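Input: a single structure, listed below in structure tokens.
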Amino acid sequence: MLLRVDKALSQLQVAARSESKKLIRDGRVFLDNRRVMSGAEKFDPQIETLYMDGRPLRYEQFQYFMLYKPAGCVTATTDAVNRTVMDFLPKKRHRNLAPVGRLDKDTEGLLIITDDGALGHSLLTPGKHVEKTYYAIISGEATAEMAQQFAVGIEIGEKKLTAPAKLKILSVGEKSEVEVTVTEGKYHQVKRMFHAVGSEVLYLKRLSMGSLVLDETLKPGECRELTPEEAELLKALKSGIA
Ligand code: URA
């Protein structure tokens, strides 16, 4: 894909489009070893490297972050009252980043934030069936019967039952620990599913989306960019192969 130099400089947060004119006029911007003469020049970032003051600028069309969402912030780009998940991203970042899907304010765990809007959108389309696995602590005893009900689908007040979900019981007691895997993303889905079978979710954390797994070396509130391999996994999810 061909890109304008001034647009690339602005996306890389090197200079606003208006300022890049001066940088170019001052001879500070090169494509490989060719001096750039105008911001309107186009280049293919797969083929040519953009340099500023002799320093190569790694141009990536999109950014993909993995955030270990902490409890207490909302999954939104802005909010008049609450902290948002965007507050945990580095200050130096692309514009137009937005979370892929939504975790409740009290839910923790894996959240992808990207400016690849087409990817984000396609991962959320209902037909996509991306598996999302959560660790949950629920009130009361988790039972094999619950697991069976989850496998069939649960009546949560929607037109249809939920799609079949997997329930793995990790521990049973006054509170139980479970792992639940769903393929839909209905509002408060996991909480409503447990409520429908007589239990309440006391703690919820997303562990994975498809084969993309929360990096457990991150602490709540920490984020990092996806590795190229992880970004590929994410794109594979979009095409339904991961
Ligand atoms: N299901 C819920 O109930 N809440 C979440 O945050 C995610 C899934």
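Residue numbering restarts at 1 for every chain of the structure tokens, chains are lettered A, B, ... in their displayed order, and ligands are numbered from 1 as they appear.
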For the interface of chain A with ligand 1 (cut-off 6 Å, counting only C-alpha atoms and all ligand atoms), please tabulate each contacting residue of chain A alongside its nearest pair of atoms and their separation in Å to one decimal, rows sorted by chain and increasing number, as JSON lines.
{"residue": "A:Leu103", "atom": "CA", "partner": "ligand 1", "partner_atom_place_in_ligand_line": "6 (O)", "distance": 3.5}
{"residue": "A:Asp104", "atom": "CA", "partner": "ligand 1", "partner_atom_place_in_ligand_line": "6 (O)", "distance": 3.7}
{"residue": "A:Thr107", "atom": "CA", "partner": "ligand 1", "partner_atom_place_in_ligand_line": "6 (O)", "distance": 4.9}
{"residue": "A:His188", "atom": "CA", "partner": "ligand 1", "partner_atom_place_in_ligand_line": "3 (O)", "distance": 3.2}
{"residue": "A:Gln189", "atom": "CA", "partner": "ligand 1", "partner_atom_place_in_ligand_line": "1 (N)", "distance": 4.2}
{"residue": "A:Val190", "atom": "CA", "partner": "ligand 1", "partner_atom_place_in_ligand_line": "1 (N)", "distance": 3.9}
{"residue": "A:Lys191", "atom": "CA", "partner": "ligand 1", "partner_atom_place_in_ligand_line": "3 (O)", "distance": 3.9}
Near-Arg192 (chain A) list (10 Å; only C-alpha atoms; drop same-chain fewer than 4 positions) as an MDAnalysis selection string: chainID A and resid 154:157 186:188 196:201
Any chance you could tabulate, as CSV, the residues of region 53-157 of chain A at most 10 Å from region 170-184 of chain A with each one's nearest atom pair and distance in Å to one decimal, using only C-alpha atoms, in chain and rising number order?
residue,atom,partner,partner_atom,distance
A:Leu124,CA,A:Glu184,CA,8.5
A:Thr125,CA,A:Glu184,CA,9.2
A:Pro126,CA,A:Glu184,CA,6.7
A:Gly127,CA,A:Glu184,CA,8.8
A:Lys128,CA,A:Thr183,CA,8.2
A:His129,CA,A:Thr183,CA,4.7
A:Val130,CA,A:Thr183,CA,5.3
A:Glu131,CA,A:Thr183,CA,4.5
A:Lys132,CA,A:Val182,CA,5.4
A:Thr133,CA,A:Thr181,CA,4.2
A:Tyr134,CA,A:Val180,CA,5.3
A:Tyr135,CA,A:Glu179,CA,4.5
A:Ala136,CA,A:Val178,CA,5.4
A:Ile137,CA,A:Glu177,CA,4.6
A:Ile138,CA,A:Ser176,CA,5.3
A:Ser139,CA,A:Lys175,CA,4.6
A:Gly140,CA,A:Glu174,CA,4.8
A:Glu141,CA,A:Val172,CA,5.4
A:Ala142,CA,A:Ser176,CA,5.8
A:Thr143,CA,A:Val172,CA,8.1
A:Ala147,CA,A:Val180,CA,9.2
A:Phe150,CA,A:Val180,CA,8.9
A:Ala151,CA,A:Val182,CA,9.9
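Compared by their closest atoms to Asn82 (chain A), and using only C-alpha atoms, the residues A:Lys205, A:Lys238, A:His121, A:Lys105 rank with A:Lys105 nearest.
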Could you give me, as CSV, every region 50-153 of chain A residue with an atom at most 9 Å from region 210-231 of chain A, plus its closest atom pair and distance in Å to one decimal, counting only C-alpha atoms, rows ordered by chain then number?
residue,atom,partner,partner_atom,distance
A:Gln63,CA,A:Glu225,CA,7.3
A:Tyr64,CA,A:Glu225,CA,5.6
A:Phe65,CA,A:Glu225,CA,4.2
A:Met66,CA,A:Cys223,CA,5.5
A:Leu67,CA,A:Cys223,CA,4.2
A:Tyr68,CA,A:Pro220,CA,5.0
A:Lys69,CA,A:Gly221,CA,5.6
A:Pro70,CA,A:Pro220,CA,4.7
A:Ala71,CA,A:Pro220,CA,8.1
A:Val85,CA,A:Gly221,CA,8.5
A:Phe88,CA,A:Gly221,CA,6.1
A:Leu89,CA,A:Cys223,CA,6.6
A:Pro90,CA,A:Cys223,CA,8.4
A:Glu108,CA,A:Pro220,CA,7.5
A:Gly109,CA,A:Leu214,CA,7.0
A:Leu110,CA,A:Leu214,CA,5.2
A:Leu111,CA,A:Leu214,CA,8.4
A:Ile112,CA,A:Leu226,CA,9.0
A:Val130,CA,A:Gly210,CA,5.7
A:Glu131,CA,A:Gly210,CA,5.0
A:Lys132,CA,A:Gly210,CA,6.3
A:Thr133,CA,A:Gly210,CA,8.2
Could you please take those selected residues and save N, CA and C atoms as a compact mmCIF listing (two decimals), in the first residue's frame?
# COMPACT_ATOMS: atom_id res chain seq x y z
N GLN A 63 -1.74 -0.36 14.97
CA GLN A 63 -1.20 -0.76 16.27
C GLN A 63 -2.17 -1.72 16.93
N TYR A 64 -1.62 -2.70 17.63
CA TYR A 64 -2.45 -3.67 18.35
C TYR A 64 -1.90 -3.78 19.76
N PHE A 65 -2.70 -3.44 20.75
CA PHE A 65 -2.27 -3.55 22.14
C PHE A 65 -3.05 -4.65 22.85
N MET A 66 -2.36 -5.30 23.77
CA MET A 66 -3.02 -6.22 24.70
C MET A 66 -3.00 -5.50 26.04
N LEU A 67 -4.18 -5.27 26.59
CA LEU A 67 -4.26 -4.65 27.92
C LEU A 67 -4.76 -5.70 28.91
N TYR A 68 -4.11 -5.77 30.06
CA TYR A 68 -4.67 -6.54 31.17
C TYR A 68 -5.60 -5.55 31.87
N LYS A 69 -6.86 -5.56 31.43
CA LYS A 69 -7.81 -4.57 31.96
C LYS A 69 -7.98 -4.80 33.45
N PRO A 70 -7.80 -3.73 34.22
CA PRO A 70 -8.07 -3.86 35.65
C PRO A 70 -9.55 -3.60 35.93
N ALA A 71 -10.02 -4.01 37.08
CA ALA A 71 -11.39 -3.67 37.47
C ALA A 71 -11.46 -2.17 37.73
N VAL A 85 -10.34 2.43 29.63
CA VAL A 85 -9.23 1.54 29.30
C VAL A 85 -8.12 2.29 28.55
N PHE A 88 -4.72 3.53 30.13
CA PHE A 88 -3.62 2.62 30.45
C PHE A 88 -2.67 2.43 29.27
N LEU A 89 -2.96 3.09 28.15
CA LEU A 89 -2.09 2.97 26.98
C LEU A 89 -0.95 3.97 27.07
N PRO A 90 0.17 3.69 26.37
CA PRO A 90 1.24 4.69 26.36
C PRO A 90 0.76 5.98 25.71
N GLU A 108 -12.02 -8.10 34.68
CA GLU A 108 -10.60 -7.91 34.39
C GLU A 108 -10.20 -8.74 33.18
N GLY A 109 -8.97 -8.56 32.77
CA GLY A 109 -8.39 -9.51 31.82
C GLY A 109 -8.16 -8.98 30.43
N LEU A 110 -8.06 -9.92 29.49
CA LEU A 110 -7.59 -9.62 28.14
C LEU A 110 -8.52 -8.68 27.37
N LEU A 111 -7.96 -7.56 26.96
CA LEU A 111 -8.70 -6.65 26.08
C LEU A 111 -7.74 -6.20 24.98
N ILE A 112 -8.21 -6.32 23.75
CA ILE A 112 -7.40 -5.87 22.61
C ILE A 112 -7.84 -4.46 22.25
N VAL A 130 -16.00 -16.30 17.68
CA VAL A 130 -14.67 -16.34 18.30
C VAL A 130 -14.84 -16.81 19.75
N GLU A 131 -14.08 -17.82 20.14
CA GLU A 131 -14.20 -18.35 21.51
C GLU A 131 -13.54 -17.40 22.50
N LYS A 132 -14.27 -17.06 23.54
CA LYS A 132 -13.72 -16.22 24.60
C LYS A 132 -13.78 -17.02 25.90
N THR A 133 -12.63 -17.19 26.54
CA THR A 133 -12.60 -17.99 27.76
C THR A 133 -12.37 -17.08 28.96
Alpha helix (DSSP H) positions in region 34-219 of chain A, given as a PyMOL selection string: chain A and resi 117-124+144-152+189-196
Backbone DSSP call of strand (DSSP E or B) for region 133-164 of chain A, listed as a PyMOL selection string: chain A and resi 133-139
Given the selection you just returned, output its residues as a file containing all heavy atoms, formatted as a PDB file, in the first residue's frame.
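Result file follows (part-v8.pdb):
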ATOM      1  N   THR A 133     -12.631 -17.186  26.538  1.00  0.00           N
ATOM      2  CA  THR A 133     -12.600 -17.985  27.760  1.00  0.00           C
ATOM      3  C   THR A 133     -12.366 -17.085  28.961  1.00  0.00           C
ATOM      4  O   THR A 133     -11.497 -16.205  28.939  1.00  0.00           O
ATOM      5  CB  THR A 133     -11.512 -19.079  27.664  1.00  0.00           C
ATOM      6  OG1 THR A 133     -11.859 -19.939  26.588  1.00  0.00           O
ATOM      7  CG2 THR A 133     -11.423 -19.898  28.946  1.00  0.00           C
ATOM      8  N   TYR A 134     -13.177 -17.300  29.978  1.00  0.00           N
ATOM      9  CA  TYR A 134     -13.129 -16.504  31.208  1.00  0.00           C
ATOM     10  C   TYR A 134     -12.863 -17.417  32.401  1.00  0.00           C
ATOM     11  O   TYR A 134     -13.357 -18.554  32.439  1.00  0.00           O
ATOM     12  CB  TYR A 134     -14.479 -15.821  31.457  1.00  0.00           C
ATOM     13  CG  TYR A 134     -14.868 -14.824  30.393  1.00  0.00           C
ATOM     14  CD1 TYR A 134     -15.480 -15.238  29.218  1.00  0.00           C
ATOM     15  CD2 TYR A 134     -14.624 -13.463  30.567  1.00  0.00           C
ATOM     16  CE1 TYR A 134     -15.848 -14.336  28.235  1.00  0.00           C
ATOM     17  CE2 TYR A 134     -14.982 -12.548  29.592  1.00  0.00           C
ATOM     18  CZ  TYR A 134     -15.592 -12.994  28.429  1.00  0.00           C
ATOM     19  OH  TYR A 134     -15.941 -12.088  27.463  1.00  0.00           O
ATOM     20  N   TYR A 135     -12.132 -16.891  33.353  1.00  0.00           N
ATOM     21  CA  TYR A 135     -12.031 -17.519  34.664  1.00  0.00           C
ATOM     22  C   TYR A 135     -13.057 -16.795  35.535  1.00  0.00           C
ATOM     23  O   TYR A 135     -13.151 -15.563  35.482  1.00  0.00           O
ATOM     24  CB  TYR A 135     -10.619 -17.320  35.224  1.00  0.00           C
ATOM     25  CG  TYR A 135     -10.513 -17.590  36.699  1.00  0.00           C
ATOM     26  CD1 TYR A 135     -10.374 -18.896  37.173  1.00  0.00           C
ATOM     27  CD2 TYR A 135     -10.566 -16.550  37.623  1.00  0.00           C
ATOM     28  CE1 TYR A 135     -10.289 -19.148  38.537  1.00  0.00           C
ATOM     29  CE2 TYR A 135     -10.489 -16.797  38.981  1.00  0.00           C
ATOM     30  CZ  TYR A 135     -10.355 -18.097  39.424  1.00  0.00           C
ATOM     31  OH  TYR A 135     -10.289 -18.338  40.771  1.00  0.00           O
ATOM     32  N   ALA A 136     -13.843 -17.558  36.277  1.00  0.00           N
ATOM     33  CA  ALA A 136     -14.849 -16.895  37.127  1.00  0.00           C
ATOM     34  C   ALA A 136     -14.890 -17.538  38.503  1.00  0.00           C
ATOM     35  O   ALA A 136     -14.650 -18.745  38.658  1.00  0.00           O
ATOM     36  CB  ALA A 136     -16.229 -16.993  36.470  1.00  0.00           C
ATOM     37  N   ILE A 137     -15.186 -16.723  39.494  1.00  0.00           N
ATOM     38  CA  ILE A 137     -15.544 -17.237  40.819  1.00  0.00           C
ATOM     39  C   ILE A 137     -17.037 -16.983  40.943  1.00  0.00           C
ATOM     40  O   ILE A 137     -17.504 -15.849  40.707  1.00  0.00           O
ATOM     41  CB  ILE A 137     -14.763 -16.525  41.947  1.00  0.00           C
ATOM     42  CG1 ILE A 137     -13.261 -16.700  41.726  1.00  0.00           C
ATOM     43  CG2 ILE A 137     -15.182 -17.073  43.308  1.00  0.00           C
ATOM     44  CD1 ILE A 137     -12.383 -15.968  42.737  1.00  0.00           C
ATOM     45  N   ILE A 138     -17.765 -18.041  41.239  1.00  0.00           N
ATOM     46  CA  ILE A 138     -19.228 -17.912  41.306  1.00  0.00           C
ATOM     47  C   ILE A 138     -19.716 -18.308  42.699  1.00  0.00           C
ATOM     48  O   ILE A 138     -19.027 -19.035  43.425  1.00  0.00           O
ATOM     49  CB  ILE A 138     -19.929 -18.797  40.229  1.00  0.00           C
ATOM     50  CG1 ILE A 138     -19.548 -20.276  40.405  1.00  0.00           C
ATOM     51  CG2 ILE A 138     -19.561 -18.317  38.827  1.00  0.00           C
ATOM     52  CD1 ILE A 138     -20.410 -21.229  39.593  1.00  0.00           C
ATOM     53  N   SER A 139     -20.894 -17.828  43.047  1.00  0.00           N
ATOM     54  CA  SER A 139     -21.455 -18.190  44.354  1.00  0.00           C
ATOM     55  C   SER A 139     -21.998 -19.614  44.271  1.00  0.00           C
ATOM     56  O   SER A 139     -22.498 -20.038  43.219  1.00  0.00           O
ATOM     57  CB  SER A 139     -22.573 -17.217  44.719  1.00  0.00           C
ATOM     58  OG  SER A 139     -23.611 -17.324  43.769  1.00  0.00           O
TER      59      SER A 139
END
